[in-house]
Each structure stands twice: as C-alpha cells, then as structure tokens.
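query-v3.txt (compact mmCIF, C-alpha atoms) appears below.
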```
# COMPACT_ATOMS: atom_id res chain seq x y z
CA MET A 597 45.74 109.38 34.78
CA ALA A 598 42.41 111.14 35.14
CA LYS A 599 40.31 111.31 38.30
CA ILE A 600 36.69 110.29 37.90
CA LEU A 601 33.98 110.65 40.52
CA MET A 602 31.33 107.95 40.32
CA ILE A 603 28.24 109.21 42.13
CA ILE A 604 25.99 106.37 43.27
CA SER A 605 22.59 106.64 44.94
CA ALA A 606 22.45 105.63 48.60
CA ALA A 607 18.71 104.90 48.46
CA ASP A 608 17.44 101.37 49.00
CA THR A 609 13.73 102.04 48.37
CA LEU A 610 11.60 103.97 45.89
CA THR A 611 8.10 105.18 46.76
CA LEU A 612 5.80 103.89 44.05
CA ALA A 613 2.77 105.60 42.54
CA ASP A 614 0.50 103.92 45.10
CA GLY A 615 2.64 105.13 48.01
CA THR A 616 4.24 101.78 48.84
CA ALA A 617 7.99 101.34 49.27
CA HIS A 618 9.71 99.28 46.60
CA PRO A 619 13.15 97.79 47.35
CA THR A 620 15.78 99.14 44.97
CA GLY A 621 19.40 100.25 44.75
CA TYR A 622 22.06 100.75 42.10
CA TRP A 623 22.06 98.48 39.04
CA ALA A 624 25.01 96.11 39.27
CA GLU A 625 25.95 95.98 35.59
CA GLU A 626 26.01 99.77 35.27
CA VAL A 627 28.43 100.19 38.16
CA VAL A 628 30.55 97.14 37.39
CA ALA A 629 30.91 97.52 33.62
CA SER A 630 31.51 101.27 33.82
CA HIS A 631 33.98 101.06 36.71
CA LYS A 632 35.90 98.25 35.01
CA VAL A 633 36.28 100.13 31.71
CA LEU A 634 37.48 103.29 33.47
CA VAL A 635 39.91 101.59 35.85
CA GLU A 636 41.37 99.25 33.23
CA ALA A 637 42.17 102.34 31.17
CA GLY A 638 44.39 103.47 34.03
CA HIS A 639 42.16 106.08 35.64
CA GLN A 640 41.32 106.65 39.29
CA VAL A 641 37.65 106.18 40.17
CA ASP A 642 36.38 107.50 43.50
CA ILE A 643 32.89 106.66 44.71
CA ALA A 644 30.61 109.17 46.44
CA THR A 645 27.06 108.91 47.78
CA PRO A 646 24.70 111.30 49.57
CA GLY A 647 25.87 111.44 53.17
CA GLY A 648 28.69 109.00 52.49
CA VAL A 649 26.20 106.17 53.04
CA ARG A 650 27.11 102.74 51.75
CA PRO A 651 25.11 102.13 48.55
CA THR A 652 22.86 99.11 48.14
CA VAL A 653 22.90 96.93 45.06
CA ASP A 654 19.46 96.19 43.62
CA ALA A 655 19.07 92.46 44.25
CA ILE A 656 17.25 91.84 40.98
CA SER A 657 20.20 93.22 39.02
CA LEU A 658 22.14 90.13 40.04
CA ASP A 659 19.80 87.38 38.86
CA GLU A 660 17.16 86.27 36.38
CA ARG A 661 14.52 88.61 37.83
CA GLY A 662 16.43 91.45 36.22
CA GLY A 663 17.14 89.55 33.02
CA VAL A 664 20.67 88.74 34.17
CA GLU A 665 22.19 85.38 33.29
CA PRO A 666 23.61 83.40 36.26
CA ALA A 667 27.18 83.64 34.97
CA ASP A 668 26.88 87.40 34.55
CA GLY A 669 25.34 87.77 38.00
CA ALA A 670 28.23 85.83 39.52
CA ALA A 671 30.73 88.00 37.66
CA PHE A 672 29.03 91.19 38.85
CA LYS A 673 29.08 89.95 42.46
CA ALA A 674 32.77 89.07 42.21
CA TYR A 675 33.66 92.50 40.84
CA LEU A 676 31.64 94.29 43.51
CA GLU A 677 33.49 92.25 46.13
CA SER A 678 36.78 93.38 44.58
CA ILE A 679 35.86 97.06 45.17
CA GLU A 680 34.27 96.39 48.55
CA ALA A 681 36.53 98.85 50.37
CA ASP A 682 35.37 101.73 48.17
CA LEU A 683 31.71 100.76 48.37
CA ALA A 684 31.85 100.31 52.15
CA ALA A 685 33.26 103.79 52.78
CA PRO A 686 32.24 106.13 49.96
CA LEU A 687 33.00 109.83 49.95
CA ASP A 688 30.29 112.19 51.16
CA LEU A 689 28.75 113.89 48.14
CA ALA A 690 28.57 117.15 50.09
CA ALA A 691 32.34 117.15 50.63
CA VAL A 692 33.56 116.64 47.05
CA ARG A 693 34.48 119.39 44.58
CA ALA A 694 34.14 119.37 40.82
CA ALA A 695 37.53 121.08 40.54
CA ASP A 696 39.20 117.94 41.91
CA TYR A 697 37.90 115.66 39.15
CA ASP A 698 38.13 115.36 35.39
CA ALA A 699 34.74 113.69 35.03
CA LEU A 700 31.56 112.87 36.94
CA TYR A 701 29.81 109.55 36.27
CA LEU A 702 26.24 108.72 37.37
CA PRO A 703 25.11 105.08 37.02
CA GLY A 704 21.51 104.11 37.51
CA GLY A 705 19.07 101.65 38.93
CA HIS A 706 15.79 103.14 40.15
CA ALA A 707 17.49 104.47 43.30
CA PRO A 708 18.61 107.84 41.83
CA MET A 709 14.93 108.74 41.47
CA THR A 710 14.78 108.78 45.28
CA ASP A 711 17.83 110.74 46.45
CA LEU A 712 19.61 112.22 43.41
CA ALA A 713 16.91 113.65 41.15
CA ASP A 714 16.26 116.61 43.44
CA ASN A 715 19.48 116.79 45.44
CA PRO A 716 20.74 120.37 45.89
CA GLU A 717 24.30 119.27 46.71
CA LEU A 718 24.48 117.22 43.54
CA GLY A 719 22.84 120.02 41.58
CA ALA A 720 25.49 122.48 42.69
CA LEU A 721 28.26 120.00 41.88
CA LEU A 722 26.89 119.36 38.39
CA ALA A 723 26.49 123.08 37.70
CA ASP A 724 30.07 123.74 38.78
CA ALA A 725 31.35 120.84 36.69
CA ASP A 726 29.44 122.05 33.65
CA ASP A 727 30.76 125.60 34.10
CA ARG A 728 34.28 124.18 34.16
CA GLY A 729 33.68 122.09 31.05
CA LYS A 730 34.19 118.83 32.93
CA THR A 731 32.87 115.64 31.40
CA ILE A 732 29.49 114.67 32.86
CA ALA A 733 28.20 111.16 32.13
CA ALA A 734 24.93 109.61 33.23
CA LEU A 735 23.47 106.21 32.50
CA CYS A 736 19.94 104.78 32.39
CA HIS A 737 17.93 105.97 35.46
CA GLY A 738 21.10 107.77 36.54
CA VAL A 739 20.18 110.42 33.96
CA ALA A 740 17.35 111.36 36.35
CA ALA A 741 20.06 112.75 38.64
CA LEU A 742 20.71 115.49 36.10
CA LEU A 743 17.32 116.94 37.07
CA SER A 744 18.90 118.21 40.29
CA ALA A 745 20.94 120.77 38.33
CA LYS A 746 19.18 124.12 37.98
CA ARG A 747 20.07 127.62 36.91
CA ALA A 748 19.65 130.61 39.21
CA ASP A 749 16.13 131.15 37.86
CA GLY A 750 15.15 127.56 38.68
CA THR A 751 15.17 126.24 35.11
CA PHE A 752 16.81 122.95 34.22
CA LEU A 753 20.54 123.36 33.60
CA PHE A 754 20.54 120.87 30.73
CA ALA A 755 17.44 122.22 28.96
CA GLY A 756 18.07 122.27 25.22
CA ARG A 757 20.86 119.70 25.47
CA SER A 758 20.66 116.43 23.55
CA LEU A 759 20.57 113.39 25.81
CA THR A 760 19.06 109.96 26.26
CA SER A 761 17.75 108.04 29.27
CA PHE A 762 15.88 104.89 30.22
CA THR A 763 12.86 105.24 27.98
CA ASN A 764 9.15 105.12 28.74
CA ASP A 765 8.87 101.98 26.59
CA GLU A 766 11.67 100.29 28.53
CA GLU A 767 10.04 101.24 31.84
CA ARG A 768 6.80 99.64 30.66
CA GLN A 769 8.44 96.57 29.13
CA GLY A 770 10.99 95.68 31.79
CA GLY A 771 10.86 98.29 34.54
CA LEU A 772 8.18 99.23 37.03
CA GLY A 773 5.48 99.94 34.47
CA ASP A 774 2.46 101.81 35.76
CA ALA A 775 3.78 101.52 39.30
CA THR A 776 6.60 103.98 38.63
CA PRO A 777 6.06 107.30 40.43
CA TRP A 778 7.21 109.18 37.32
CA LEU A 779 8.81 108.46 33.98
CA VAL A 780 12.40 109.63 33.56
CA GLU A 781 12.12 110.26 29.82
CA THR A 782 8.91 112.25 30.25
CA ARG A 783 10.25 114.32 33.14
CA LEU A 784 13.42 115.23 31.26
CA ALA A 785 11.41 116.26 28.20
CA GLU A 786 9.07 118.34 30.35
CA ARG A 787 12.09 120.19 31.74
CA GLY A 788 13.30 121.02 28.23
CA ALA A 789 15.86 118.32 27.39
CA ASP A 790 16.14 117.22 23.77
CA LEU A 791 15.58 113.45 24.09
CA LYS A 792 17.31 111.21 21.55
CA THR A 793 16.32 107.60 22.23
CA GLY A 794 17.07 104.39 20.43
CA ALA A 795 15.08 101.17 20.19
CA PRO A 796 14.24 99.57 23.54
CA TRP A 797 17.27 97.79 25.05
CA SER A 798 19.61 99.02 22.31
CA ASP A 799 23.13 100.22 23.05
CA THR A 800 22.42 103.93 22.63
CA VAL A 801 24.74 106.71 23.77
CA ILE A 802 24.35 110.42 23.05
CA VAL A 803 27.24 112.88 23.25
CA ASP A 804 26.48 116.60 23.42
CA GLY A 805 29.68 118.50 24.16
CA ASN A 806 30.79 117.60 27.67
CA LEU A 807 27.52 115.71 28.37
CA ILE A 808 27.46 111.94 27.74
CA THR A 809 24.32 109.89 28.38
CA GLY A 810 23.53 106.19 27.97
CA GLN A 811 20.04 104.79 27.57
CA ASN A 812 20.08 101.56 29.59
CA PRO A 813 22.31 98.85 31.13
CA GLN A 814 23.16 97.65 27.64
CA SER A 815 24.83 101.02 27.06
CA SER A 816 27.16 100.81 30.08
CA VAL A 817 30.39 99.89 28.31
CA THR A 818 29.87 102.32 25.43
CA THR A 819 29.06 105.15 27.83
CA ALA A 820 32.27 104.54 29.75
CA GLN A 821 34.23 104.28 26.50
CA GLN A 822 32.87 107.65 25.41
CA VAL A 823 34.11 109.09 28.71
CA LEU A 824 37.55 107.70 27.91
CA ALA A 825 37.42 109.36 24.50
CA ALA A 826 36.40 112.67 26.04
CA LEU A 827 39.24 112.52 28.57
CA LYS A 828 41.72 111.70 25.80
CA ASP A 829 40.58 114.72 23.79
CA ALA A 830 40.55 117.10 26.76
```

Take the structure in this file and express it as structure tokens.
Amino acid sequence: MAKILMIISAADTLTLADGTAHPTGYWAEEVVASHKVLVEAGHQVDIATPGGVRPTVDAISLDERGGVEPADGAAFKAYLESIEADLAAPLDLAAVRAADYDALYLPGGHAPMTDLADNPELGALLADADDRGKTIAALCHGVAALLSAKRADGTFLFAGRSLTSFTNDEERQGGLGDATPWLVETRLAERGADLKTGAPWSDTVIVDGNLITGQNPQSSVTTAQQVLAALKDA
C-alpha cells in the first residue's frame, strides 16, 4: 500500500481581472474520481490544505452550471459525504513531509490559482518530492500549483519539463474567459514549461518522468491511473 498526499486548495474565492471576488473552490469530479481510483486500488490517501482549513467544493461543479449531469452531481455529492471526516479535518500543508509519501496529487478547480500557485510551503514540498523522485501529479487548474516550486535562483522548478494543463481555449470556452486574472497555460509557458495540450475537453495526460499532469476534469481518471502505474513501477 502506497501513501498519497492529495493537496487541495482551501480558497473559496478568486479575484478576477476586474478586482471582484468570484466564488470558487475545488472541482468535485477531480477530487472524487481521483480519490476513488487511488483508494479502490488499495492505497492510503491523506488530504492536506494550506493551514489545515476545510476545503470548499465549487458549487457549479455539482450541477448543470458546470456541465455536470444531475446523476453525476448526485454521485459526486454522495462520495464527498463518504470522505467527510477527511475533508472536515485536513492535514496542515505546512506540517507534512514529502519523505512520508509516495506521491503528491493536486486536483484543480480555479481555487489553486488563489492559494497554491505562489505558496512557499507547497513550493518547498514539491521541490523536496522532486529531489526524492516521488511521483507528482497535478490536474487541470491544479497544475497552476506547480508554479510555486522554484529553484534557488528563483526559476521555475519544472521549466523544460513536458506537461499539460487546463488550456487557454478551455478557459475561454467553458471557464472564466476574459474575466480570468491570468491564464494557466500561458503562465506555465512563460515560466519555461513545455506545454503539450490536446483538443479542448479531451482526456489528455502527459507523463514526464515522475511528473504526471492531466488537462481537465475529463482527464481525472486517467491521471489517477497513471499515478497507479508509476507507483507499481517504483
């Protein structure tokens, strides 16, 4: 049995380009589908957030506003209720150590853009995990959290690595559009990442050594399955 740390944003708002606060949180499908795949494979999944704050689910990820069918929304709610104890009392991100886990997993929703994309505690954890060759997986807007990881000279730790993320086209088609404060794909490219993106809303996962990234919610299951494959090969 492997130990996996799922790092979820604790933010419930995102400041938009016009300065207004937009309600947000983690994306239900990305947490639910990923957690389910990992746990059903027999692994332990711990949940951590900045400050050990209870994370907030993005309300639109549970209904038609987020393109979610009613039956799927009900299933996501039921699963989240089944892991309520873990969500209600997550570990404090500042208190966890990469050495204690076999993999780190970062689901999305817009919330990581608020409290994970420039989080020094997360950055240090990711750098330590990468140095140790631990599996690092990030999904959709959760890939923005990788931006927190920097080398001693301030450059992006994952510069030159192949990865994917929620794309600019997807943000314009079904995300926040022009209201977004910044575009995840663009920011990653500016920092030196080698972006490999698929068609909008396609199940696209990129594996580069110990780094596994998924493009969007549709990539949740495949991303988690790639983590399972990496743990099996470790």

Report summary line: Between CA of Asp726 in chain A and CA of Gln821 in chain A lies a distance of 19.7 Å

Listing only residues of range 696-759 of chain A within 10 Å of range 604-611 of chain A, what is the closest atom pair and its distance in Å (to one decimal) for each, using all atoms listed in the file, sorted by chain and residue number ascending, as JSON lines?
```
{"residue": "A:Tyr701", "atom": "CA", "partner": "A:Ile604", "partner_atom": "CA", "distance": 8.6}
{"residue": "A:Leu702", "atom": "CA", "partner": "A:Ile604", "partner_atom": "CA", "distance": 6.4}
{"residue": "A:Pro703", "atom": "CA", "partner": "A:Ile604", "partner_atom": "CA", "distance": 6.4}
{"residue": "A:Gly704", "atom": "CA", "partner": "A:Ile604", "partner_atom": "CA", "distance": 7.6}
{"residue": "A:Gly705", "atom": "CA", "partner": "A:Ser605", "partner_atom": "CA", "distance": 8.6}
{"residue": "A:His706", "atom": "CA", "partner": "A:Leu610", "partner_atom": "CA", "distance": 7.2}
{"residue": "A:Ala707", "atom": "CA", "partner": "A:Ala607", "partner_atom": "CA", "distance": 5.3}
{"residue": "A:Pro708", "atom": "CA", "partner": "A:Ser605", "partner_atom": "CA", "distance": 5.2}
{"residue": "A:Met709", "atom": "CA", "partner": "A:Leu610", "partner_atom": "CA", "distance": 7.3}
{"residue": "A:Thr710", "atom": "CA", "partner": "A:Leu610", "partner_atom": "CA", "distance": 5.8}
{"residue": "A:Asp711", "atom": "CA", "partner": "A:Ala607", "partner_atom": "CA", "distance": 6.2}
{"residue": "A:Leu712", "atom": "CA", "partner": "A:Ser605", "partner_atom": "CA", "distance": 6.5}
{"residue": "A:Ala713", "atom": "CA", "partner": "A:Ser605", "partner_atom": "CA", "distance": 9.8}
{"residue": "A:Gly738", "atom": "CA", "partner": "A:Ile604", "partner_atom": "CA", "distance": 8.4}
{"residue": "A:Ala741", "atom": "CA", "partner": "A:Ser605", "partner_atom": "CA", "distance": 9.1}
```

Distance query range 804-808 of chain A at most 7 Å, all atoms listed in the file, self and fewer than 3 positions along chain excluded, as a short mmCIF file (atom, residue, chain, number, x, y, z; two decimals) with C-alpha atoms, in the coordinates of the input:
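New file part39.cif:
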```cif
data_model
loop_
_atom_site.label_atom_id
_atom_site.label_comp_id
_atom_site.auth_asym_id
_atom_site.auth_seq_id
_atom_site.Cartn_x
_atom_site.Cartn_y
_atom_site.Cartn_z
CA GLY A 729 33.68 122.09 31.05
CA LYS A 730 34.19 118.83 32.93
CA THR A 731 32.87 115.64 31.40
CA ILE A 732 29.49 114.67 32.86
CA ALA A 733 28.20 111.16 32.13
CA ALA A 734 24.93 109.61 33.23
CA ARG A 757 20.86 119.70 25.47
CA SER A 758 20.66 116.43 23.55
CA THR A 819 29.06 105.15 27.83
#
```

Query - A:Leu658, A:Val739, A:Leu722, A:Ala644 ranked by distance to Leu676 in chain A, top pick (using only C-alpha atoms) - result: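 Using only C-alpha atoms, the shortest distance to Leu676 in chain A belongs to A:Leu658.
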
Requested in this report: Can you work out the spacing between CA of Ala694 in chain A and CA of Asp642 in chain A in Å, to one decimal?
Outcome: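 Answer for the CA of Ala694 in chain A to CA of Asp642 in chain A separation: 12.4 Å.
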
**Report entry** Distance query Leu689 in chain A at most 8 Å, only C-alpha atoms, self and fewer than 5 positions along chain excluded, as a ChimeraX atom specification
**Finding:** /A:603,644-648,717-718

Requested in this report: Could you please determine the separation between CA of Val653 in chain A and CA of Ala723 in chain A in Å, to one decimal place?
Outcome: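 Going from CA of Val653 in chain A over to CA of Ala723 in chain A, I get 27.4 Å.
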
Query - Long-range neighbours of range 776-793 of chain A as a ChimeraX atom specification, 10 Å cut-off, all atoms listed in the file, 2 positions minimum in chain - result: /A:610-615,618,706,709,713,736-743,751-765,767-768,771-774,795-796,798,800-802,809-811
